[in-house]
Amino acid sequence: MNIIDGKAVSQSVKERVRDEIAEKGLKIGLAVIIVGNNQASRVYVNNKKKACEFCGITSYEYALPEETTEEQLLELVETCNADKNINGILVQLPLPSQINEKTVIEHIDPNKDVDAFHAVNVGKIMIGEYSFLPCTPAGIMELIHSTGTEVSGKECVVIGRSNIVGKPMGMLLLHENGTVTICHSKTKNLAEVCRRADILVAAVGKAGFVTSDMVKDGAVVIDVGMNRNADGKLCGDVDFENVAPKCSYITPVPGGVGPMTIAMLMENTLRAKMLQTL
Ligand code: GUN
């Protein structure tokens, strides 16, 4: 059994981005918009700003109060769309309940949509002609590649069908010729389906959801979960202690998928700049 070191892989992605920016002498800006006082969002945004600094990307933080109206946020997005110094726009989710996330995402210029959440970019992912790779699934593909595992022809099972992770994850695996199954809360015989997987991706949001009886010997297991257990400790969707001995490779939480999402955001911000320079 091998533990995949997400920190190390993410570091090499960030170094690649940093070196390309330095080599080409690029001036790149990323707008990071956060609304309200969500503690987890604050931590993510701080980590994204740190990664920008490492890569040589200028981050512009816009921290708006909890009571911000949808109109005010849309106005800020429009300002960022028009600003030539801003190449990428990231609106940290979730947003307060008075703001419709979908409306906000659809207002972002698709060429600055470094999360790849806009319908135009989601559509491009479907046809395999993407401008931006969706950050978390793209980071997972990097992790799988780092193990030397060939996706082509493999049974790939994704648990979870969110727009941010599950659905685009299925598409990226499919583009590499995996045989893909996407499971969700209505899936019958979930354990049986998961046991078929050579590559199992868990994006459920429930601590300890994936147990050892759901995992085939020698599987590659990727844990996208970010949960708190009863002691308040960060943990994934996989019962790591009991599942790990069965795997060929497994990601830990923390230190697995999490750091990759941010590294891929840096890569997308560089892509955004290149797209806008064409
Ligand atoms: N909230 C949770 N994950 C993400 C992400 O990847 N991007 C943004 N903008 N918000 C998030």
# chains A, B, ... in the order shown; residues from 1 in each chain; ligands from 1
call {"tool": "residues_around", "arguments": {"residues": "Asn37 in chain A", "least_positions_apart": "2", "cutoff": "12 Å", "atoms": "only C-alpha atoms", "output": "JSON, numbers by chain"}}
result
{"A": [34, 35, 39, 40, 41, 42, 43, 45, 63, 64, 65, 66, 67, 68, 92, 93, 94, 95, 96]}
call {"tool": "residues_around", "arguments": {"residues": "range 119-121 of chain A", "least_positions_apart": "5", "cutoff": "7 Å", "atoms": "only C-alpha atoms", "output": "mmCIF file with N, CA, C and O atoms, in the first residue's frame"}}
result
data_model
loop_
_atom_site.group_PDB
_atom_site.id
_atom_site.type_symbol
_atom_site.label_atom_id
_atom_site.label_comp_id
_atom_site.auth_asym_id
_atom_site.auth_seq_id
_atom_site.Cartn_x
_atom_site.Cartn_y
_atom_site.Cartn_z
ATOM 1 N N PRO A 110 -16.702 33.843 -19.165
ATOM 2 C CA PRO A 110 -16.205 32.460 -19.271
ATOM 3 C C PRO A 110 -14.688 32.369 -19.463
ATOM 4 O O PRO A 110 -14.078 31.400 -19.029
ATOM 5 N N TYR A 130 -11.837 21.678 -23.449
ATOM 6 C CA TYR A 130 -11.919 22.670 -22.384
ATOM 7 C C TYR A 130 -10.866 23.768 -22.466
ATOM 8 O O TYR A 130 -9.728 23.534 -22.839
ATOM 9 N N SER A 131 -11.313 24.966 -22.039
ATOM 10 C CA SER A 131 -10.390 26.063 -21.783
ATOM 11 C C SER A 131 -9.783 25.857 -20.401
ATOM 12 O O SER A 131 -8.596 26.053 -20.187
ATOM 13 N N PHE A 132 -10.641 25.513 -19.452
ATOM 14 C CA PHE A 132 -10.205 25.311 -18.068
ATOM 15 C C PHE A 132 -10.614 23.922 -17.599
ATOM 16 O O PHE A 132 -11.739 23.496 -17.848
#
call {"tool": "closest_residue", "arguments": {"among": "A:Ile89, A:Val220, A:Gly232, A:Ala8", "to": "Val157 in chain A", "atoms": "only C-alpha atoms"}}
result
A:Val220
call {"tool": "atom_distance", "arguments": {"atom1": "CA of Glu155 in chain A", "atom2": "CA of Lys216 in chain A"}}
result
11.0 Å
call {"tool": "closest_residue", "arguments": {"among": "A:Arg195, A:Lys48, A:Lys24, A:Lys124", "to": "ligand 1", "atoms": "only C-alpha atoms and all ligand atoms"}}
result
A:Lys48
call {"tool": "select_by_dssp", "arguments": {"residues": "range 181-239 of chain A", "states": "strand (DSSP E)", "output": "list in words"}}
result
Thr181, Ile182, Cys183, Ile199, Leu200, Val201, Ala202, Val220, Val221, Ile222, Asp223, Asn227, Arg228, Leu234 and Cys235 of chain A
call {"tool": "residues_around", "arguments": {"residues": "range 50-60 of chain A", "least_positions_apart": "4", "cutoff": "12 Å", "atoms": "only C-alpha atoms", "output": "ChimeraX atom specification"}}
result
/A:10-34,43-46,80,83,85-91,259-270,272-273
